[in-house]
file target13.cif (mmCIF, C-alpha atoms)
data_query
loop_
_atom_site.label_atom_id
_atom_site.label_comp_id
_atom_site.auth_asym_id
_atom_site.auth_seq_id
_atom_site.Cartn_x
_atom_site.Cartn_y
_atom_site.Cartn_z
CA MET N 1 -23.09 -16.09 -25.56
CA ALA N 2 -22.28 -19.74 -25.70
CA GLU N 3 -19.50 -19.71 -23.13
CA ALA N 4 -19.49 -17.23 -20.34
CA HIS N 5 -15.93 -16.32 -19.54
CA ASN N 6 -15.45 -15.64 -15.92
CA PRO N 7 -12.86 -12.88 -15.58
CA LEU N 8 -11.67 -14.41 -12.32
CA GLU N 9 -11.13 -17.85 -13.81
CA GLN N 10 -7.54 -16.95 -14.71
CA PHE N 11 -6.63 -16.82 -11.02
CA GLU N 12 -7.69 -20.38 -10.35
CA ILE N 13 -5.03 -22.64 -8.92
CA ARG N 14 -4.79 -25.96 -10.73
CA ARG N 15 -2.96 -28.97 -9.45
CA TRP N 16 -0.74 -30.18 -12.25
CA ILE N 17 1.15 -32.83 -10.33
CA PRO N 18 -0.76 -33.75 -7.17
CA ILE N 19 1.60 -34.42 -4.27
CA GLU N 20 0.46 -35.00 -0.74
CA VAL N 21 2.78 -35.47 2.21
CA SER N 22 0.99 -36.60 5.35
CA ASP N 23 -2.25 -34.70 4.65
CA ILE N 24 -0.44 -31.55 3.60
CA ASP N 25 -1.18 -30.65 0.02
CA ILE N 26 2.05 -29.61 -1.66
CA SER N 27 0.92 -30.28 -5.21
CA PHE N 28 2.89 -28.81 -8.06
CA THR N 29 0.40 -26.22 -9.32
CA ASN N 30 0.26 -23.84 -12.25
CA SER N 31 1.40 -21.17 -9.80
CA ALA N 32 4.47 -23.20 -8.90
CA THR N 33 5.19 -23.85 -12.57
CA PHE N 34 5.34 -20.16 -13.32
CA MET N 35 7.52 -19.52 -10.29
CA VAL N 36 9.98 -22.08 -11.62
CA ALA N 37 9.69 -20.49 -15.06
CA ALA N 38 10.41 -17.05 -13.59
CA VAL N 39 13.47 -18.30 -11.72
CA LEU N 40 14.75 -20.09 -14.83
CA ALA N 41 14.14 -17.07 -17.05
CA ALA N 42 15.84 -14.69 -14.63
CA SER N 43 18.81 -17.04 -14.23
CA ALA N 44 19.04 -17.49 -17.98
CA LEU N 45 19.07 -13.75 -18.51
CA MET N 46 21.87 -13.25 -16.03
CA ILE N 47 23.96 -16.32 -16.88
CA LEU N 48 23.62 -16.31 -20.66
CA GLY N 49 23.61 -12.53 -20.83
CA THR N 50 26.94 -12.17 -19.09
CA ARG N 51 28.61 -15.18 -20.72
CA LYS N 52 30.43 -13.27 -23.46
CA ARG N 53 31.54 -10.33 -21.33
CA THR N 54 32.44 -8.01 -24.14
CA ILE N 55 33.51 -4.46 -23.43
CA VAL N 56 30.77 -3.13 -25.66
CA PRO N 57 27.79 -5.13 -24.42
CA GLY N 58 25.32 -6.79 -26.73
CA ARG N 59 21.60 -6.54 -26.15
CA TRP N 60 21.33 -9.32 -23.59
CA GLN N 61 24.45 -8.33 -21.75
CA LEU N 62 23.21 -4.76 -21.61
CA LEU N 63 19.91 -5.90 -20.16
CA ALA N 64 21.67 -7.98 -17.53
CA GLU N 65 24.05 -5.15 -16.67
CA LEU N 66 21.26 -2.60 -16.56
CA SER N 67 19.21 -4.65 -14.13
CA TYR N 68 22.29 -5.15 -11.96
CA THR N 69 23.12 -1.44 -11.87
CA PHE N 70 19.49 -0.52 -11.33
CA ILE N 71 19.25 -2.55 -8.12
CA ALA N 72 22.78 -1.75 -6.98
CA LYS N 73 22.02 1.95 -7.29
CA MET N 74 18.67 1.62 -5.58
CA LEU N 75 20.30 -0.20 -2.69
CA SER N 76 23.17 2.26 -2.27
CA ASP N 77 20.78 5.22 -2.60
CA THR N 78 18.36 4.02 0.04
CA VAL N 79 20.41 1.91 2.44
CA GLY N 80 23.92 3.17 1.87
CA LYS N 81 27.13 1.20 2.13
CA GLU N 82 25.78 -1.08 4.87
CA GLY N 83 23.27 -2.45 2.42
CA LYS N 84 25.87 -4.25 0.31
CA PRO N 85 25.63 -7.66 2.04
CA TYR N 86 21.93 -7.74 1.26
CA PHE N 87 22.34 -7.13 -2.45
CA PRO N 88 21.89 -10.76 -3.58
CA PHE N 89 18.62 -11.02 -1.70
CA ILE N 90 17.24 -7.69 -2.93
CA PHE N 91 18.27 -8.47 -6.48
CA SER N 92 16.68 -11.93 -6.43
CA LEU N 93 13.55 -10.46 -4.91
CA PHE N 94 13.27 -7.83 -7.63
CA MET N 95 13.85 -10.34 -10.41
CA PHE N 96 11.37 -12.79 -8.93
CA VAL N 97 8.60 -10.21 -8.63
CA LEU N 98 9.40 -8.56 -11.95
CA PHE N 99 9.45 -11.82 -13.89
CA GLY N 100 6.28 -12.96 -12.13
CA ASN N 101 4.54 -9.77 -13.23
CA MET N 102 5.96 -9.83 -16.74
CA LEU N 103 5.36 -13.53 -17.40
CA GLY N 104 1.80 -12.88 -16.31
CA MET N 105 1.44 -10.48 -19.24
CA LEU N 106 1.85 -13.34 -21.71
CA PRO N 107 -1.46 -14.75 -22.98
CA TYR N 108 -2.60 -17.96 -21.25
CA SER N 109 -0.03 -17.57 -18.52
CA PHE N 110 -0.61 -17.45 -14.81
CA THR N 111 0.39 -14.50 -12.63
CA TYR N 112 1.55 -15.81 -9.29
CA THR N 113 1.96 -12.29 -7.91
CA SER N 114 -1.83 -11.90 -8.21
CA HIS N 115 -2.24 -14.20 -5.22
CA LEU N 116 -2.18 -12.77 -1.75
CA ALA N 117 -0.69 -16.01 -0.43
CA VAL N 118 2.42 -15.49 -2.57
CA THR N 119 2.89 -11.77 -1.98
CA PHE N 120 2.13 -12.02 1.72
CA GLY N 121 4.53 -14.94 1.97
CA LEU N 122 7.28 -12.77 0.52
CA ALA N 123 6.33 -9.75 2.61
CA ALA N 124 6.07 -11.73 5.84
CA PHE N 125 9.50 -13.26 5.25
CA ILE N 126 10.96 -9.81 4.61
CA PHE N 127 9.22 -8.40 7.68
CA VAL N 128 10.49 -11.13 10.01
CA ALA N 129 14.00 -11.01 8.56
CA ILE N 130 14.22 -7.23 8.83
CA THR N 131 12.88 -7.22 12.38
CA LEU N 132 15.50 -9.84 13.31
CA ILE N 133 18.25 -7.79 11.67
CA ALA N 134 17.14 -4.75 13.65
CA ILE N 135 17.02 -6.67 16.93
CA VAL N 136 20.42 -8.27 16.36
CA LYS N 137 21.97 -4.93 15.43
CA HIS N 138 20.40 -2.79 18.14
CA ARG N 139 19.33 -5.24 20.86
CA MET N 140 16.95 -3.55 23.30
CA LYS N 141 17.35 -0.19 21.64
CA PHE N 142 15.13 -1.54 18.90
CA PHE N 143 12.08 -1.22 21.11
CA SER N 144 12.64 2.50 21.51
CA TYR N 145 11.43 2.51 17.92
CA PHE N 146 7.88 2.41 19.18
CA LEU N 147 8.10 5.52 21.33
CA PRO N 148 9.09 8.65 19.47
CA HIS N 149 11.81 10.68 21.07
CA GLY N 150 10.67 13.52 23.30
CA VAL N 151 7.10 12.41 23.67
CA PRO N 152 5.48 13.14 27.07
CA ILE N 153 5.11 9.92 29.03
CA VAL N 154 1.35 10.55 29.37
CA MET N 155 0.97 10.01 25.64
CA ALA N 156 2.82 6.69 25.66
CA PRO N 157 -0.22 4.41 26.22
CA LEU N 158 -1.85 5.94 23.16
CA LEU N 159 1.19 6.25 20.93
CA ILE N 160 2.76 2.86 21.47
CA PRO N 161 -0.23 0.89 20.11
CA ILE N 162 -0.40 3.28 17.16
CA GLU N 163 3.27 2.80 16.43
CA ILE N 164 2.98 -0.97 16.76
CA ILE N 165 0.03 -1.02 14.36
CA SER N 166 1.96 1.21 12.01
CA TYR N 167 4.92 -1.19 12.15
CA LEU N 168 2.75 -4.27 11.71
CA SER N 169 0.96 -2.72 8.76
CA ARG N 170 4.17 -2.81 6.72
CA PRO N 171 3.97 -6.38 5.45
CA VAL N 172 0.24 -5.95 4.89
CA SER N 173 0.57 -2.84 2.76
CA LEU N 174 3.58 -4.31 0.97
CA SER N 175 1.74 -7.47 -0.04
CA VAL N 176 -1.73 -6.04 -0.59
CA ARG N 177 -0.42 -3.38 -2.95
CA LEU N 178 1.32 -5.85 -5.23
CA PHE N 179 -1.47 -8.42 -5.15
CA ALA N 180 -4.30 -5.90 -5.63
CA ASN N 181 -2.60 -4.18 -8.52
CA MET N 182 -1.85 -7.36 -10.39
CA MET N 183 -5.26 -8.86 -9.73
CA ALA N 184 -7.17 -5.69 -10.64
CA GLY N 185 -5.16 -5.17 -13.81
CA HIS N 186 -5.63 -8.71 -15.08
CA THR N 187 -9.34 -8.70 -14.24
CA LEU N 188 -9.76 -5.39 -16.07
CA LEU N 189 -8.00 -6.77 -19.13
CA LYS N 190 -10.25 -9.80 -19.16
CA VAL N 191 -13.45 -7.80 -18.63
CA VAL N 192 -12.63 -5.37 -21.42
CA ALA N 193 -11.60 -8.24 -23.67
CA GLY N 194 -14.97 -9.87 -22.98
CA PHE N 195 -16.70 -6.99 -24.80
CA VAL N 196 -14.81 -7.41 -28.05
CA ILE N 197 -16.67 -10.32 -29.68
CA PRO N 198 -20.26 -9.55 -28.51
CA LEU N 199 -20.03 -5.98 -29.81
CA GLY N 200 -19.36 -7.16 -33.37
CA VAL N 201 -18.11 -4.31 -35.54
CA PHE N 202 -17.99 -1.95 -32.59
CA GLY N 203 -15.64 -4.38 -30.90
CA ALA N 204 -12.88 -2.24 -32.36
CA VAL N 205 -13.47 0.27 -29.57
CA PRO N 206 -12.57 -2.07 -26.70
CA VAL N 207 -9.65 -3.38 -28.77
CA ILE N 208 -8.18 0.10 -28.91
CA GLY N 209 -8.81 0.41 -25.20
CA LEU N 210 -7.12 -2.96 -24.64
CA ILE N 211 -3.96 -1.81 -26.37
CA GLY N 212 -3.77 1.12 -23.99
CA VAL N 213 -4.58 -0.98 -20.93
CA THR N 214 -1.97 -3.57 -21.92
CA ALA N 215 0.67 -0.88 -22.15
CA LEU N 216 -0.43 0.46 -18.77
CA GLU N 217 -0.26 -3.04 -17.31
CA MET N 218 3.30 -3.40 -18.55
CA LEU N 219 4.18 -0.17 -16.76
CA ILE N 220 2.41 -1.32 -13.61
CA ALA N 221 4.08 -4.73 -13.75
CA PHE N 222 7.46 -3.03 -13.68
CA LEU N 223 6.41 -0.30 -11.26
CA GLN N 224 5.01 -2.72 -8.68
CA ALA N 225 8.19 -4.77 -8.74
CA TYR N 226 10.10 -1.53 -8.28
CA ILE N 227 7.92 -0.38 -5.37
CA PHE N 228 8.10 -3.77 -3.68
CA THR N 229 11.88 -3.74 -3.87
CA ILE N 230 12.44 -0.12 -2.91
CA LEU N 231 10.16 -0.46 0.11
CA THR N 232 12.13 -3.50 1.19
CA CYS N 233 15.26 -1.36 0.87
CA ILE N 234 13.67 1.44 2.91
CA TYR N 235 12.63 -0.97 5.65
CA LEU N 236 16.13 -2.39 5.60
CA HIS N 237 17.49 1.13 5.97
CA ASP N 238 15.23 1.69 8.99
CA ALA N 239 16.36 -1.59 10.51
CA ILE N 240 20.04 -0.83 10.07
CA HIS N 241 20.01 2.82 11.08
CA LEU N 242 16.97 2.93 13.41
CA HIS N 243 15.17 6.26 12.99
CA MET B 1 35.42 -0.38 -31.85
CA ILE B 2 37.29 -0.26 -28.62
CA ASN B 3 39.01 -3.54 -29.36
CA GLU B 4 40.59 -2.11 -32.50
CA THR B 5 42.30 0.86 -30.85
CA PRO B 6 45.96 0.31 -29.89
CA LYS B 7 46.22 -1.23 -26.44
CA PRO B 8 46.93 1.35 -23.74
CA ARG B 9 49.55 0.50 -21.14
CA LYS B 10 48.25 -1.38 -18.15
CA GLU B 11 49.32 1.04 -15.38
CA ASP B 12 47.85 3.86 -17.37
CA PHE B 13 44.55 2.07 -17.53
CA GLU B 14 44.60 1.18 -13.84
CA SER B 15 45.15 4.75 -12.76
CA ARG B 16 42.45 6.02 -15.08
CA LEU B 17 40.06 3.41 -13.77
CA ARG B 18 40.80 4.45 -10.20
CA GLU B 19 40.14 8.07 -11.03
CA ALA B 20 36.90 7.28 -12.79
CA ARG B 21 35.72 5.20 -9.88
CA LYS B 22 36.50 7.98 -7.44
CA ARG B 23 34.64 10.45 -9.60
CA LEU B 24 31.64 8.16 -9.76
CA GLU B 25 31.57 7.71 -6.02
CA GLU B 26 31.73 11.43 -5.38
CA GLN B 27 28.95 12.00 -7.84
CA SER B 28 26.68 9.45 -6.26
CA LEU B 29 27.34 10.90 -2.81
CA ASP B 30 26.53 14.41 -3.97
CA LYS B 31 23.16 13.75 -5.41
CA PRO B 32 21.69 10.28 -5.47
CA ALA B 33 19.78 10.34 -8.73
CA ARG B 34 16.48 8.58 -9.09
CA THR B 35 16.60 6.03 -11.83
CA THR B 36 12.98 6.17 -12.87
CA GLY B 37 11.24 9.11 -14.46
CA ARG B 38 9.02 11.58 -12.70
CA MET B 39 5.80 9.88 -13.65
CA GLY B 40 7.06 6.56 -12.37
CA THR B 41 7.94 7.95 -8.97
CA GLY B 42 4.69 9.89 -8.77
CA MET B 43 2.65 6.78 -9.42
CA ALA B 44 4.80 4.81 -7.03
CA LEU B 45 4.08 7.37 -4.32
CA GLY B 46 0.37 7.24 -5.07
CA PHE B 47 0.21 3.47 -4.80
CA ARG B 48 2.15 3.58 -1.57
CA ILE B 49 -0.18 6.10 0.05
CA ALA B 50 -3.34 4.22 -0.97
CA ALA B 51 -2.07 0.92 0.39
CA GLU B 52 -0.71 2.52 3.55
CA LEU B 53 -4.14 3.89 4.49
CA VAL B 54 -5.93 0.59 4.07
CA ALA B 55 -3.27 -1.67 5.56
CA ALA B 56 -3.12 0.04 8.94
CA VAL B 57 -6.89 -0.17 9.39
CA ALA B 58 -6.79 -3.84 8.37
CA VAL B 59 -4.11 -4.55 10.95
CA GLY B 60 -6.15 -2.66 13.56
CA VAL B 61 -9.21 -4.78 12.79
CA GLY B 62 -7.12 -7.94 12.98
CA ILE B 63 -5.60 -7.10 16.35
CA GLY B 64 -8.98 -5.98 17.71
CA LEU B 65 -10.74 -9.17 16.64
CA LEU B 66 -7.99 -11.38 18.02
CA LEU B 67 -8.00 -9.63 21.39
CA ASP B 68 -11.78 -9.86 21.52
CA LEU B 69 -11.69 -13.56 20.70
CA TRP B 70 -9.08 -14.15 23.37
CA LEU B 71 -10.59 -12.03 26.16
CA GLU B 72 -14.23 -12.45 25.06
CA THR B 73 -14.87 -8.73 25.27
CA ARG B 74 -16.49 -8.28 21.89
CA PRO B 75 -16.82 -5.61 20.52
CA TRP B 76 -14.72 -3.29 22.69
CA PHE B 77 -11.21 -4.04 21.50
CA LEU B 78 -12.42 -4.05 17.91
CA ILE B 79 -13.79 -0.53 18.29
CA VAL B 80 -10.65 0.76 19.95
CA PHE B 81 -8.25 -0.84 17.49
CA VAL B 82 -10.15 0.19 14.37
CA LEU B 83 -9.77 3.77 15.54
CA LEU B 84 -6.11 3.27 16.42
CA GLY B 85 -5.56 1.62 13.04
CA ALA B 86 -7.14 4.55 11.25
CA VAL B 87 -4.93 6.93 13.20
CA ALA B 88 -1.85 4.87 12.38
CA GLY B 89 -2.80 4.87 8.71
CA MET B 90 -3.22 8.63 8.65
CA MET B 91 0.06 9.03 10.46
CA ASN B 92 1.84 6.81 7.95
CA VAL B 93 0.47 8.86 5.09
CA TYR B 94 1.38 12.10 6.83
CA ARG B 95 4.94 10.89 7.34
CA LEU B 96 5.17 9.72 3.77
CA ALA B 97 3.85 13.01 2.44
CA THR B 98 6.08 15.20 4.56
CA GLY B 99 9.04 12.97 3.78
CA GLN B 100 9.80 12.47 7.44
CA LYS B 101 12.19 9.56 7.47
CA LYS B 102 10.34 7.39 4.99
CA VAL B 103 7.55 5.37 6.53
CA MET B 104 8.05 5.15 10.25
CA GLY B 105 10.08 7.89 11.62
CA TYR B 106 10.60 10.63 14.03
CA ASP B 107 12.73 13.69 14.28
CA ASN B 108 16.28 12.81 15.03
CA PRO B 109 17.04 12.72 18.74
CA PRO B 110 18.91 15.93 19.58
CA GLU B 111 21.98 14.11 20.90
CA THR B 112 22.65 12.51 17.53
CA PRO B 113 25.49 14.38 15.89
CA GLU B 114 24.83 15.63 12.39
CA THR B 115 27.10 13.35 10.41
CA ASP B 116 27.28 13.23 6.62
CA GLU B 117 25.21 10.10 6.98
CA THR B 118 22.14 11.97 8.13
CA GLY B 119 22.82 14.80 5.72
CA LYS B 120 22.73 12.29 2.93
CA GLY B 121 19.48 10.92 4.29
CA ASN B 122 17.80 14.31 4.23
CA ASP B 123 18.71 14.82 0.62
CA ARG B 124 17.11 11.59 -0.26
CA GLU B 125 13.85 12.20 1.51
CA GLN B 126 13.08 15.28 -0.47
CA GLN B 127 13.08 13.19 -3.58
CA GLY B 128 11.38 10.17 -2.14
#

call {"tool": "encode", "arguments": {"input": "target13.cif", "output": "structure tokens"}}
result
Amino acid sequence: MAEAHNPLEQFEIRRWIPIEVSDIDISFTNSATFMVAAVLAASALMILGTRKRTIVPGRWQLLAELSYTFIAKMLSDTVGKEGKPYFPFIFSLFMFVLFGNMLGMLPYSFTYTSHLAVTFGLAAFIFVAITLIAIVKHRMKFFSYFLPHGVPIVMAPLLIPIEIISYLSRPVSLSVRLFANMMAGHTLLKVVAGFVIPLGVFGAVPVIGLIGVTALEMLIAFLQAYIFTILTCIYLHDAIHLH
Amino acid sequence: MINETPKPRKEDFESRLREARKRLEEQSLDKPARTTGRMGTGMALGFRIAAELVAAVAVGVGIGLLLDLWLETRPWFLIVFVLLGAVAGMMNVYRLATGQKKVMGYDNPPETPETDETGKGNDREQQG
């Protein structure tokens, strides 16, 4: 093989416009480019899709309306009426993750959700925000969260650390799940694709496999965005209702 | 199609809209339907459980290492917190599987009155 394709090469961050502010590297990278692209695409879908506002929606309007109802329903199902003020955030979050995953499915594109820095950034923000909401809403009662009701006091020294770890593991599991799924899927695609040319005629076998894996990746791209959002909703529910 | 039908009177439309909205609300309160198919939710649950197990152990390791670094007691806190992390992970999975109040949750305190709010919550957990 003349050129060895590294399946992990696609995750490399490249500085497209190097910017440095007092030793802090804030270059505009390929990752940042695709984030901007995702935001623009999501905004375009919502703004252009709802421009005509016909009673019988066209394709784009239907798509925009469907995504709106999907999140609105998810929010009211999991959080209830109190969740309404948080709708814009949840909706933006879903669109951002979904478009990140979906744009990543295009050939030669970059998947920013395959980087732990991005997903953990999102998850950490959500975690801090939701903890603050809980503390503001419940004040000191929030800390009763860490000691289950009706537990003998002898068990407290053991249970409180467990509960705290369990609480702290939320942003970790939230971010690792999204990042690992996207990264594993894209690496798998690339590895399988690497077999196609060297196998010659038999390359048809991995091609058939690739079609299946691509379809699966599409499902996972949507599913992971869905899980990320619904877990945020569930955490929000816990913060608002406590227990 | 709709545009071509003769225009209904406005009050008529308003009252029908109100009724429809009320119906919708009642419906959604009765049984909150899941929007994705069965396979989607099954896979979602699977991914959640896998990540939940690993994440808690990772957090345990992190806390243990930090405490050890700070108090220079290596490896004692690491040992303790890896075990605690594993326990927390198992507990998370157990709660998820039994549908007990989503991720972190306990039985309701007995003094909490059974409002429709909690009733609604129980419905949801069976599907979650």

call {"tool": "residues_near_point", "arguments": {"input": "target13.cif", "point": "(3.4, -3.4, -13.2)", "cutoff": "9 Å", "atoms": "only C-alpha atoms", "output": "JSON, numbers by chain"}}
result
{"N": [98, 101, 102, 178, 181, 182, 185, 216, 217, 218, 219, 220, 221, 222, 223, 224, 225, 226]}

call {"tool": "resolve_selection", "arguments": {"input": "target13.cif", "expression": "the PyMOL selection byres ((chain N and resi 64) around 8)", "output": "list in words"}}
result
Leu45, Met46, Gly49, Thr50, Trp60, Gln61, Leu62, Leu63, Glu65, Leu66, Ser67 and Tyr68 of chain N

call {"tool": "atom_distance", "arguments": {"input": "target13.cif", "atom1": "CA of Leu78 (chain B)", "atom2": "CA of Ser173 (chain N)"}}
result
20.0 Å

call {"tool": "atom_distance", "arguments": {"input": "target13.cif", "atom1": "CA of Tyr108 (chain N)", "atom2": "CA of Ala124 (chain N)"}}
result
29.1 Å

call {"tool": "closest_residue", "arguments": {"input": "target13.cif", "among": "B:Arg18, B:Thr73, B:Ala58, B:Asp12", "to": "chain N", "atoms": "all atoms listed in the file"}}
result
B:Ala58

call {"tool": "closest_atom_pairs", "arguments": {"input": "target13.cif", "of": "chain N", "to": "chain B", "cutoff": "9 Å", "atoms": "all atoms listed in the file", "output": "tab-separated table"}}
result
residue	atom	partner	partner_atom	distance
N:Ile55	CA	B:Ile2	CA	7.7
N:Val56	CA	B:Ile2	CA	7.7
N:Phe70	CA	B:Thr35	CA	7.2
N:Lys73	CA	B:Thr35	CA	8.2
N:Met74	CA	B:Thr35	CA	7.9
N:Ser76	CA	B:Pro32	CA	8.8
N:Asp77	CA	B:Pro32	CA	5.9
N:Thr78	CA	B:Arg124	CA	7.7
N:Gly80	CA	B:Glu117	CA	8.7
N:Tyr145	CA	B:Gly105	CA	8.4
N:Pro148	CA	B:Tyr106	CA	6.0
N:His149	CA	B:Pro109	CA	6.1
N:Gly150	CA	B:Pro109	CA	7.9
N:Leu158	CA	B:Leu84	CA	8.4
N:Pro161	CA	B:Leu84	CA	7.3
N:Ile162	CA	B:Ala88	CA	5.2
N:Glu163	CA	B:Ala88	CA	6.8
N:Ile164	CA	B:Ala88	CA	8.8
N:Ile165	CA	B:Gly85	CA	6.3
N:Ser166	CA	B:Ala88	CA	5.3
N:Tyr167	CA	B:Met104	CA	7.3
N:Leu168	CA	B:Val59	CA	6.9
N:Ser169	CA	B:Ala56	CA	4.9
N:Arg170	CA	B:Ala55	CA	7.6
N:Pro171	CA	B:Ala55	CA	8.6
N:Val172	CA	B:Ala55	CA	5.6
N:Ser173	CA	B:Ala55	CA	4.9
N:Leu174	CA	B:Ala51	CA	7.7
N:Val176	CA	B:Ala51	CA	7.0
N:Arg177	CA	B:Ala51	CA	5.7
N:Asn181	CA	B:Phe47	CA	9.0
N:Leu219	CA	B:Gly40	CA	8.5
N:Leu223	CA	B:Ala44	CA	6.8
N:Gln224	CA	B:Ala44	CA	7.7
N:Tyr226	CA	B:Ala44	CA	8.4
N:Ile227	CA	B:Ala44	CA	6.3
N:Ile234	CA	B:Lys102	CA	7.1
N:Tyr235	CA	B:Val103	CA	8.2
N:Asp238	CA	B:Met104	CA	8.1
N:Leu242	CA	B:Gly105	CA	8.7
N:His243	CA	B:Gly105	CA	5.5

call {"tool": "axis_aligned_box", "arguments": {"input": "target13.cif", "around": "region 82-89 of chain B", "padding_each_side": "5 Å", "output": "lines of an AutoDock Vina configuration file"}}
result
center_x = -6.0
center_y = 3.6
center_z = 12.6
size_x = 18.3
size_y = 16.7
size_z = 17.7

call {"tool": "atom_distance", "arguments": {"input": "target13.cif", "atom1": "CA of Leu116 (chain N)", "atom2": "CA of Phe179 (chain N)"}}
result
5.6 Å

call {"tool": "closest_residue", "arguments": {"input": "target13.cif", "among": "N:Ile197, N:Ser27, N:Ala184, N:Leu189", "to": "Ile211 (chain N)", "atoms": "only C-alpha atoms"}}
result
N:Leu189

call {"tool": "resolve_selection", "arguments": {"input": "target13.cif", "expression": "the PyMOL selection byres ((chain N and resi 134) around 10)", "output": "list in words"}}
result
Val128, Ala129, Ile130, Thr131, Leu132, Ile133, Ile135, Val136, Lys137, His138, Arg139, Met140, Lys141, Phe142, Phe143, Tyr235, Leu236, His237, Asp238, Ala239, Ile240, His241 and Leu242 of chain N

call {"tool": "write_last_selection", "arguments": {"input": "target13.cif", "atoms": "C-alpha atoms", "output": "mmCIF file, in the coordinates of the input"}}
result
data_model
loop_
_atom_site.group_PDB
_atom_site.id
_atom_site.type_symbol
_atom_site.label_atom_id
_atom_site.label_comp_id
_atom_site.auth_asym_id
_atom_site.auth_seq_id
_atom_site.Cartn_x
_atom_site.Cartn_y
_atom_site.Cartn_z
ATOM 1 C CA VAL N 128 10.490 -11.130 10.010
ATOM 2 C CA ALA N 129 14.000 -11.010 8.560
ATOM 3 C CA ILE N 130 14.220 -7.230 8.830
ATOM 4 C CA THR N 131 12.880 -7.220 12.380
ATOM 5 C CA LEU N 132 15.500 -9.840 13.310
ATOM 6 C CA ILE N 133 18.250 -7.790 11.670
ATOM 7 C CA ILE N 135 17.020 -6.670 16.930
ATOM 8 C CA VAL N 136 20.420 -8.270 16.360
ATOM 9 C CA LYS N 137 21.970 -4.930 15.430
ATOM 10 C CA HIS N 138 20.400 -2.790 18.140
ATOM 11 C CA ARG N 139 19.330 -5.240 20.860
ATOM 12 C CA MET N 140 16.950 -3.550 23.300
ATOM 13 C CA LYS N 141 17.350 -0.190 21.640
ATOM 14 C CA PHE N 142 15.130 -1.540 18.900
ATOM 15 C CA PHE N 143 12.080 -1.220 21.110
ATOM 16 C CA TYR N 235 12.630 -0.970 5.650
ATOM 17 C CA LEU N 236 16.130 -2.390 5.600
ATOM 18 C CA HIS N 237 17.490 1.130 5.970
ATOM 19 C CA ASP N 238 15.230 1.690 8.990
ATOM 20 C CA ALA N 239 16.360 -1.590 10.510
ATOM 21 C CA ILE N 240 20.040 -0.830 10.070
ATOM 22 C CA HIS N 241 20.010 2.820 11.080
ATOM 23 C CA LEU N 242 16.970 2.930 13.410
#

call {"tool": "build_atoms", "arguments": {"input": "target13.cif", "residues": "region 82-93 of chain N", "atoms": "N, CA and C atoms", "output": "mmCIF file, keeping the file's coordinate frame"}}
result
data_model
loop_
_atom_site.group_PDB
_atom_site.id
_atom_site.type_symbol
_atom_site.label_atom_id
_atom_site.label_comp_id
_atom_site.auth_asym_id
_atom_site.auth_seq_id
_atom_site.Cartn_x
_atom_site.Cartn_y
_atom_site.Cartn_z
ATOM 1 N N GLU N 82 26.073 0.091 4.032
ATOM 2 C CA GLU N 82 25.780 -1.080 4.870
ATOM 3 C C GLU N 82 24.846 -2.052 4.172
ATOM 4 N N GLY N 83 24.239 -1.605 3.087
ATOM 5 C CA GLY N 83 23.270 -2.450 2.420
ATOM 6 C C GLY N 83 23.908 -3.506 1.528
ATOM 7 N N LYS N 84 25.213 -3.363 1.282
ATOM 8 C CA LYS N 84 25.870 -4.250 0.310
ATOM 9 C C LYS N 84 25.667 -5.732 0.574
ATOM 10 N N PRO N 85 25.789 -6.201 1.830
ATOM 11 C CA PRO N 85 25.630 -7.660 2.040
ATOM 12 C C PRO N 85 24.269 -8.169 1.625
ATOM 13 N N TYR N 86 23.279 -7.286 1.559
ATOM 14 C CA TYR N 86 21.930 -7.740 1.260
ATOM 15 C C TYR N 86 21.621 -7.683 -0.220
ATOM 16 N N PHE N 87 22.608 -7.273 -1.026
ATOM 17 C CA PHE N 87 22.340 -7.130 -2.450
ATOM 18 C C PHE N 87 21.809 -8.390 -3.113
ATOM 19 N N PRO N 88 22.422 -9.561 -2.889
ATOM 20 C CA PRO N 88 21.890 -10.760 -3.580
ATOM 21 C C PRO N 88 20.425 -10.995 -3.291
ATOM 22 N N PHE N 89 20.031 -10.785 -2.039
ATOM 23 C CA PHE N 89 18.620 -11.020 -1.700
ATOM 24 C C PHE N 89 17.719 -10.014 -2.404
ATOM 25 N N ILE N 90 18.078 -8.737 -2.318
ATOM 26 C CA ILE N 90 17.240 -7.690 -2.930
ATOM 27 C C ILE N 90 17.137 -7.919 -4.432
ATOM 28 N N PHE N 91 18.269 -8.273 -5.033
ATOM 29 C CA PHE N 91 18.270 -8.470 -6.480
ATOM 30 C C PHE N 91 17.382 -9.663 -6.868
ATOM 31 N N SER N 92 17.513 -10.756 -6.135
ATOM 32 C CA SER N 92 16.680 -11.930 -6.430
ATOM 33 C C SER N 92 15.206 -11.584 -6.252
ATOM 34 N N LEU N 93 14.929 -10.841 -5.195
ATOM 35 C CA LEU N 93 13.550 -10.460 -4.910
ATOM 36 C C LEU N 93 12.974 -9.660 -6.067
#
